[in-house]
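Undergrad: Before I ask anything, let me first share the structure, which is written out below as structure tokens.
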Amino acid sequence: MKFESLAFLVGGVALVLVLALTVLAPWVAPYVPTDQHVLDRLKPPSGRFLLGTDQYGRDLLSRTLVGGRAALVLGVGAVLLGLSLGVPIGLTAGYFGGRLDDVVMRLVDAMLAFPALLLALLIITALGASTGHALLAIGVANVPGIARIVRSVTLSLREAEFVLAAGARGEGHLYVMFGEIFPNVLPSVVVEATIRIGFAILAGASLSFLGLGVQPPQADWGVMIREARQYAFESSWPMVAPGVALGVTIIAFNLFGDGLRDRLGAA
Amino acid sequence: MTTTLSRRTFLAATSAAGGLLVTGLRSTHALAQSDKHGGLLRVSVTFGLSTINPIMHISGAEWMATKWMYNNLTRLGSKREPIPDLAESWTASDGARAWTFKLRRGVKFHGGRELTAEDVVATFTTLLDAKTASPYRGEVGPIERVEAVDTHTVRFTMKSPFSVFPATVAVANARIVAREALADMKALASREHGTGPFKLKEFVPGDRLIVERFGDYWKKGEPYLDGVMLRVFPDPATELAAFKSKEIDLISGLTPELYSQVPTASGAEALAVPGGTFAAVTLPSDKPPFNDNRVREALKLCVDRRLMLAAIHNGRGEPGVDHPVSTAYAAYSPVPSRAPDLERARQLMKEAGLANGVTVKLFAANSPPIRERVAVVLKEMVRPGGFNIDVEVVAYDRYLAQVWNKGVMYVVYYATRPTADAILMKLYHPKEGLDEGRWASAHPNAIKVLDQAREIVDIERRRRHYADFLKVSRDEGPFMLPFFVNELNGKWGYVRDYRLGAASSDMILDDVWLSSEAPKKKG
Amino acid sequence: MARYALRRLASIAVILLLVSGIVFTAIHVLPGSAATLILGEYATPGALRTLERDMGLDRPLLVQYATWVGEVISGDWGTSLAMKQPVAAIVAHRLRNSATLAAAAFFVVVIVGIPLGTLAALHRGRPLDVAIVSATYIGISIPEFVTGLVLLLVLAGPSVGWFPTSGYEDISAGVGLWARHLVLPAATLTIILLAHVVRQTRSGVADVLAAPYIRTARLKGATERRVVLRHALRNGLLPTITVLALDLGYLMGGIVVVEEVFAYPGMGRLIIYAVQNRDVPLLQMCALVVASAYVLANFAADLVYAWLDPRIRYS
């Protein structure tokens with residue numbers, strides 16, 4: 001379908017742009033993101049400050065560029081964490097089936113039932129609000145969902161010929177799971193992961209917005225919006241810049257992930 | 001107030017004999033009075049309102065609420081001097097070692113009973129009882145004993161001379177409660193038993209409080225308002241918008257960002273009064289690097305206080321000189337400030353052996369927001385002086401459990417106190433207060449100054465005595481105190497006779513009234 | 001079927017017990033206690049101890065938990081440590097608020113989302129579909145707090161002022177006022193949920209429309225309307241039901257960000273308040289209510305699933 005291809009392309013390009021800008025941010029940014037020009041606080045865009053300044057007179061363009069780092073680290077890191085736990089759990093449950101599957105999935109369901117907000121809140125309150133702990137909380141919250149997807153794909157592959165053949169060859173369980181089944185589960189996992197990164201970034205920004213994630217004075221889109229709220233009536237630029245950046249980044253991940261799903265023909 | 005009084009006197013003086021005429025005149029008088037009577041005042045705050053137990057409450061919104069429902073022995077006037085409230089008069093004896101208060105007669109509790117000395121005794125006894133665990137147990141002075149001399153006379157015997165006691169008892173946690181109610185502290189969290197101008201009508205913790213006029217208030221003719229509604233708006237922008245659409249009549253605790261937005265609504269006024277509220281940074285003086293006064297001085301010299309005030313509080317405040325006694329205090333005396341001097345700062349650091357700089361960790365609770373703002377701005381300001389500050393913002397609950405009063409470097413925040421004694425003791429004294437800067441043991445003479453000041457009854461002498469301490473605080477003290485913030489309120493013009501004091505939680509509504517321009521809805 | 005339902009309910013009970021156990025343990029791992037928060041920066045070690053003893057926080061953990069379970073079974077949810085009021089009343093009030101917001105959003109989403117998604121599926125690949133899908137991308141990708149703040153600034157800001165910015169007014173103040181206060185927060189939620197539901201419906205219905213039995217129905221001469229309503233929707237909606245059920249769980253506890261932006265007194269902010277104040281009884285009830293809403297919604301979704309698709313049989 002033509003639209004899907006276009007979406008995939010747009011998403012891919014946007015993603016590359018976002019990643020490039022984020023990685024190169026320290027060299028591309030016109031100012032040091034923490035430098036305060038107090039006498040020029042809350043100014044709209046001008047020749048000196050292309051996107052304006054925030055409440056301490058820090059350059060918004062520089063901060064928005066650098067702010068992507070925390071967002072991406074959070075998003076990608078959380079999903080990687082979720083994968084590292086969710087994939088083995090799902091594979092095991094789906095492969096062995098029976099009682100093990102029952103028990104594991106009951107536990108997974110229980111985890112899903114645990115209010116995600118509360119989980120994040122407890123983890124973060126216990127360990128302290130920081131980027132790392134927010135990453136942990138979001139990662140853990142992603143485990144049940146990933147486990148479920150991996151499990152259902154594994155279940156459908158369990159009776160496939162190549163699997164049965166491997167068993168007949170005398171291959172051990174671990175090999176069959178990770179050597180035979182996993183490569184076929186991979187496309188679904190990749191698609192799922194890409195889309196989840198988008199949502200993990202969203203969750204991370206939400207946590208930072210609530211004051212539970214990245215902390216000031218670090219530049220991060222969620223934190224910037226949180227701070228900008230107090231000054232919204234004096235200048236809306238401190239809110240607009242990171243808001244647009246967030247939106248574009250998450251859309252890019254979603255577009256790309258959906259396009260990937262269509263290409264790889266995965267579930 | 002004076003207008004009404006003279007009206008009454010005038011009418012009384014000119015009323016002819018004859019009941020009809022008097023009645024006629026009285027009803028005219030009543031009509032004139034009712035100009036002021038009526039209406040619901042809607043006040044907003046941005047957080048708090050968990051409990052209305054006056055012995056236990058610790059936040060501004062709650063202090064405000066109990067101010068309307070209760071009275072103290074005294075209240076603070078415009079110069080923060082004690083003026084009569086439930087006590088008509090008071091005398092010191094034995095060199096301020098004993099204080100005797102004469103209570104007003106005919107004061108009624110909302111339940112109907114008349115106030116007696118026993119209620120005062122019971123209130124203070126409960127407040128001072130260790131089993132009550134009142135947060136303010138140590139904040140009402142060194143009381144040894146409180147007893148009723150007769151039905152309307154109370155005597156306080158102090159452990160040591162305490163000259164500022166009449167002002168101290170104006171503090172929010174010394175509201176006088178009916179003695180029978182003190183047995184059930186849990187019930188007091190949501191029910192009131194006071195003598196104040198308003199009775200409790202409705203209380204939803206964290207959301208709203210509604211009080212209604214108490215017809216039998218001891219100030220005859222007051223209050224004018226039918227009632228007051230206090231609402232919590234966690235988001236300042238939402239609060240301002242509600243104010244602009246006249247859902248709120250009075251914003252208490254206006255943020256400096258929104259302060260300039262208030263006058264854009266025609267008919268609205270923004271009020272600013274210098275206060276004693278501040279945020280400061282502790283420089284723990286019992287361990288390196290701040291145990292060396294040169295390092296403390298170096299840090300203080302890096303800070304441009306006016307610039308910090310501009311960046312953090314929109315300039316709405318007064319620069320500070322590293323001591324907590326602002327112009328709002330009766331015992332205030334001016335102490336010359338020192339301009340920022342990076343050269344000298346670097347020189348001092350070199351002398352202290354820190355020419356290569358030093359890294360320190362600064363904790364800031366995330367509430368109120370001014371704490372992290374101070375931390376963020378300070379970090380940049382002191383960098384050229386050789387200080388590498390690692391800011392860690394922590395949630396308030398965590399701050400209380402792990403940072404506060406643990407002898408580390410953090411941002412403190414204090415509201416205006418009734419007396420200079422209260423705030424100085426709290427900050428510096430190792431026994432009467434927290435000694436949050438861990439400084440007292442190395443400066444016993446300075447602490448002695450604070451102890452002596454308590455005994456000085458004459459305000460001028462006391463002021464001079466404190467002046468010495470304030471200078472020491474500036475030069476050697478363990479706090480970098482950059483500024484005091486103004487109390488900021490916003491109100492509509494139809495709210496009359498409202499006076500903003502140096503502590504906005506000390507909100508006196510006895511004689512406030514709404515003019516006819518006030519919106520007629522229930523709110 | 002009945003046996004299945006009973007087994008599910010039993011496992012729900014187990015899940016809830018697990019949730020409450022975890023919450024209880026977790027909150028006692030956190031630094032500080034309810035007493036710490038009540039005394040604030042006026043605390044002394046003696047006062048802290050006294051208050052904790054007063055609130056029964058010095059008893060062994062197992063005793064505290066067992067006592068709480070016993071009280072709950074007999075219907076007593078306890079008193080909030082921070083607010084000193086019955087927990088049940090506080091939670092009921094906030095739950096009603098959250099439910100109202102959820103219902104308002106849900107209502108719009110079902111009425112608008114399912115037809116939109118079906119439309120998109122029917123016109124797959126054509127401009128209408130493209131427009132709808134693009135809009136949904138934006139809907140799911142922009143964080144709720146950004147959407148909410150934008151709506152707030154644009155529609156409720158001082159310049160336009162169509163809507164009030166305080167997110168909540170009790171219904172006793174008048175239905176009109178109550179409704180007006182609900183519009184912006186509900187709109188924020190609707191935008192996200194709509195995106196989810198439209199996408200799910202679209203893909204579910206599109207998949208079904210491509211199936212052979214649909215072609216058969218068309219060849220047999222069934223009207224397009226019959227094809228869509230009778231056949232496609234019935235099966236195409238299955239993924240939508242799942243999403244709606246998940247969303248209900250999200251709505252009950254996860255919309256804290258919207259509550260924060262609009263100062264809406266719902267369950268999300270109550271949970272945050274309870275954790276921040278170490279208010280064990282309050283937090284327990286909140287956690288259980290939200291978890292119950294989620295598992296019961298899922299259970300209901302499974303039942304509806306079975307009703308819609310006769311091929312599914314639970315044993």
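Identifiers for the structure tokens are assigned positionally: chains receive A, B, ... in sequence, residues are indexed from 1 per chain, and ligands are indexed from 1 in the order shown.
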Hey, what's within 12 Å of Ala245 in chain A if we count only C-alpha atoms and toss same-chain stuff fewer than 3 positions away? As a count of residues only, please?
TA: 40
Undergrad: With a cut-off of 12 Å, could you pull out the residues of chain A touching chain B and give me the nearest pair of atoms for each, distance in Å to one decimal, using only C-alpha atoms, ordered by chain and ascending number, as CSV?
TA:
residue,atom,partner,partner_atom,distance
A:Val32,CA,B:Glu380,CA,11.8
A:Pro33,CA,B:Glu380,CA,11.6
A:Thr34,CA,B:Glu380,CA,7.9
A:Asp35,CA,B:Glu380,CA,7.3
A:Gln36,CA,B:Glu380,CA,7.2
A:His37,CA,B:Ala311,CA,9.5
A:Val38,CA,B:Ala311,CA,5.9
A:Leu39,CA,B:Ala311,CA,8.0
A:Asp40,CA,B:Ala311,CA,9.7
A:Arg41,CA,B:Ala311,CA,7.6
A:Leu42,CA,B:Ala311,CA,10.0
A:Asp54,CA,B:Ala311,CA,10.4
A:Gln55,CA,B:Ala311,CA,7.1
A:Tyr56,CA,B:Ala311,CA,5.9
A:Gly57,CA,B:Ala311,CA,8.3
A:Arg58,CA,B:Val377,CA,11.0
A:Leu121,CA,B:Ala395,CA,11.3
A:Ile124,CA,B:Ala395,CA,9.7
A:Thr125,CA,B:Arg398,CA,7.5
A:Ala126,CA,B:Arg398,CA,8.6
A:Leu127,CA,B:Arg398,CA,9.6
A:Gly128,CA,B:Val394,CA,7.0
A:Ala129,CA,B:Val394,CA,6.7
A:Ser130,CA,B:Val393,CA,8.9
A:Thr131,CA,B:Val393,CA,11.9
A:Leu210,CA,B:Ala395,CA,10.9
A:Gly211,CA,B:Asn366,CA,8.0
A:Leu212,CA,B:Ala395,CA,8.1
A:Gly213,CA,B:Val393,CA,10.6
A:Val214,CA,B:Val393,CA,9.6
A:Gln215,CA,B:Val393,CA,6.3
A:Pro216,CA,B:Val393,CA,6.9
A:Pro217,CA,B:Val376,CA,6.1
A:Gln218,CA,B:Val391,CA,9.5
A:Ala219,CA,B:Val376,CA,12.0
A:Val223,CA,B:Val393,CA,12.0
A:Arg226,CA,B:Pro369,CA,11.1
A:Glu227,CA,B:Pro369,CA,9.3
A:Ala228,CA,B:Glu257,CA,11.2
A:Arg229,CA,B:Ala237,CA,8.0
A:Gln230,CA,B:Ala237,CA,7.2
A:Tyr231,CA,B:Glu257,CA,6.2
A:Ala232,CA,B:Ala237,CA,7.9
A:Phe233,CA,B:Leu258,CA,7.4
A:Glu234,CA,B:Glu257,CA,7.2
A:Ser235,CA,B:Glu257,CA,10.4
Undergrad: For chain C, which residues have at least one atom within 9 Å of chain A, if we go by only C-alpha atoms? Write them as a VMD selection string, please.
TA: chain C and resid 11 to 12 14 to 16 18 to 19 23 26 to 27 29 to 31 125 to 126 130 137 to 138 140 to 146 149 to 150 153 157 to 158 249 to 250 252 to 257 260 268 271 to 272 275 to 276 287 to 288 290 to 295
Undergrad: Distance limit 9 Å, atoms considered: only C-alpha atoms. Which chain C residues sit that close to chain B? Return them as number ranges by chain.
TA: C: 30-33, 36-44, 46-51, 82-85, 90, 152, 156-158, 161, 164-167, 173, 260-263, 265, 276-278
Undergrad: Once you have the residues from the selection above, write them out as a short mmCIF file (atom, residue, chain, number, x, y, z; two decimals), in the first residue's frame, restricted to C-alpha atoms.
TA:
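Writing the result to again-v8.cif gives the following:
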data_model
loop_
_atom_site.label_atom_id
_atom_site.label_comp_id
_atom_site.auth_asym_id
_atom_site.auth_seq_id
_atom_site.Cartn_x
_atom_site.Cartn_y
_atom_site.Cartn_z
CA LEU C 30 10.37 3.52 51.74
CA PRO C 31 12.31 5.93 53.93
CA GLY C 32 10.21 7.73 56.51
CA SER C 33 6.71 7.06 57.72
CA THR C 36 7.61 11.95 59.25
CA LEU C 37 5.27 13.77 56.90
CA ILE C 38 2.85 14.92 59.57
CA LEU C 39 5.56 16.53 61.68
CA GLY C 40 7.52 17.85 58.72
CA GLU C 41 10.41 20.09 59.61
CA TYR C 42 9.29 20.30 63.23
CA ALA C 43 9.98 16.67 63.98
CA THR C 44 11.94 15.53 66.98
CA GLY C 46 10.59 11.73 70.55
CA ALA C 47 7.61 13.22 68.71
CA LEU C 48 8.13 10.84 65.79
CA ARG C 49 8.15 7.84 68.07
CA THR C 50 5.06 9.01 69.91
CA LEU C 51 3.09 9.60 66.75
CA ALA C 82 -2.69 11.90 56.61
CA MET C 83 -6.26 13.15 56.31
CA LYS C 84 -7.68 11.54 59.46
CA GLN C 85 -10.91 10.70 57.66
CA ILE C 90 -12.15 9.59 50.41
CA LEU C 152 -5.62 24.62 28.44
CA ALA C 156 -9.05 28.19 28.61
CA GLY C 157 -6.32 30.78 28.71
CA PRO C 158 -7.05 34.38 29.59
CA GLY C 161 -11.55 31.68 28.09
CA PRO C 164 -12.73 27.07 32.93
CA THR C 165 -9.25 25.93 33.79
CA SER C 166 -10.05 24.34 37.13
CA GLY C 167 -10.84 20.82 36.17
CA ALA C 173 -23.03 23.48 41.90
CA GLU C 260 -2.18 16.93 37.25
CA VAL C 261 -2.58 19.33 34.33
CA PHE C 262 -6.20 20.13 35.10
CA ALA C 263 -5.95 19.88 38.89
CA PRO C 265 -9.13 15.36 42.01
CA GLN C 276 4.11 10.72 49.33
CA ASN C 277 2.52 10.69 52.77
CA ARG C 278 3.17 6.99 53.44
#
Undergrad: Applying 12 Å and only C-alpha atoms, which residues near Ala99 in chain C remain after dropping the ones on its own chain fewer than 2 positions away? List them as a PyMOL selection string.
TA: chain C and resi 91-97+101-107+182+186+248-253+255+265-268+289-290+293
Undergrad: Would you put the residues from that selection into a file with C-alpha atoms, as a CSV table (one decimal), in the first residue's frame?
TA:
chain,number,residue,atom,x,y,z
C,91,VAL,CA,-11.7,6.9,47.8
C,92,ALA,CA,-15.3,6.8,46.9
C,93,HIS,CA,-15.3,10.5,46.2
C,94,ARG,CA,-12.2,10.3,44.0
C,95,LEU,CA,-13.3,7.2,42.3
C,96,ARG,CA,-16.5,8.8,41.3
C,97,ASN,CA,-14.5,11.7,39.8
C,101,LEU,CA,-14.0,11.5,33.5
C,102,ALA,CA,-13.5,7.9,32.2
C,103,ALA,CA,-17.1,7.5,31.3
C,104,ALA,CA,-17.2,10.8,29.5
C,105,ALA,CA,-14.1,9.9,27.4
C,106,PHE,CA,-15.2,6.3,26.9
C,107,PHE,CA,-18.6,7.4,25.7
C,182,LEU,CA,-15.2,18.3,32.5
C,186,ALA,CA,-12.2,14.6,28.9
C,248,LEU,CA,-10.3,1.1,31.3
C,249,GLY,CA,-7.5,-0.1,33.5
C,250,TYR,CA,-5.4,2.8,32.3
C,251,LEU,CA,-8.2,5.2,32.9
C,252,MET,CA,-8.7,4.2,36.4
C,253,GLY,CA,-5.1,4.8,37.6
C,255,ILE,CA,-4.5,9.3,33.9
C,265,PRO,CA,-9.1,15.4,42.0
C,266,GLY,CA,-9.1,11.8,40.7
C,267,MET,CA,-7.6,8.4,41.7
C,268,GLY,CA,-4.2,9.1,40.1
C,289,VAL,CA,-9.6,-0.4,43.6
C,290,VAL,CA,-7.5,0.3,40.5
C,293,ALA,CA,-11.0,-2.2,37.9
Undergrad: Taking the DSSP secondary structure from the backbone, can you list the residues of range 173-255 of chain B that are strand (DSSP E), as an MDAnalysis selection string?
TA: chainID B and resid 198:204 208:213 227:232 250:252
Undergrad: Hey, what's within 12 Å of range 213-227 of chain B if we count only C-alpha atoms and toss same-chain stuff fewer than 5 positions away? As a ChimeraX atom specification, please?
TA: /B:1,4-5,8,30,33-43,68-71,85-86,104-115,194-202,495-497,508-515,518,522-523
Undergrad: Would you work out the distance separating CA of Trp439 in chain B from CA of Leu424 in chain B, expressed in Å to one decimal?
TA: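 About the pair CA of Trp439 in chain B and CA of Leu424 in chain B: they are 12.9 Å apart.
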Undergrad: If we count only C-alpha atoms and set the cut-off at 10 Å, which residues sit around range 69-77 of chain C, ignoring sequence neighbours fewer than 2 positions away in its own chain? Please answer as a ChimeraX atom specification.
TA: /C:17,20-21,63-67,79-80,86-89,281-282,284-285
Undergrad: Please measure the separation of CA of Asn173 in chain B and CA of Gly141 in chain B, giving the value in Å to one decimal.
TA: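 Spanning CA of Asn173 in chain B to CA of Gly141 in chain B is a straight-line distance of 12.4 Å.
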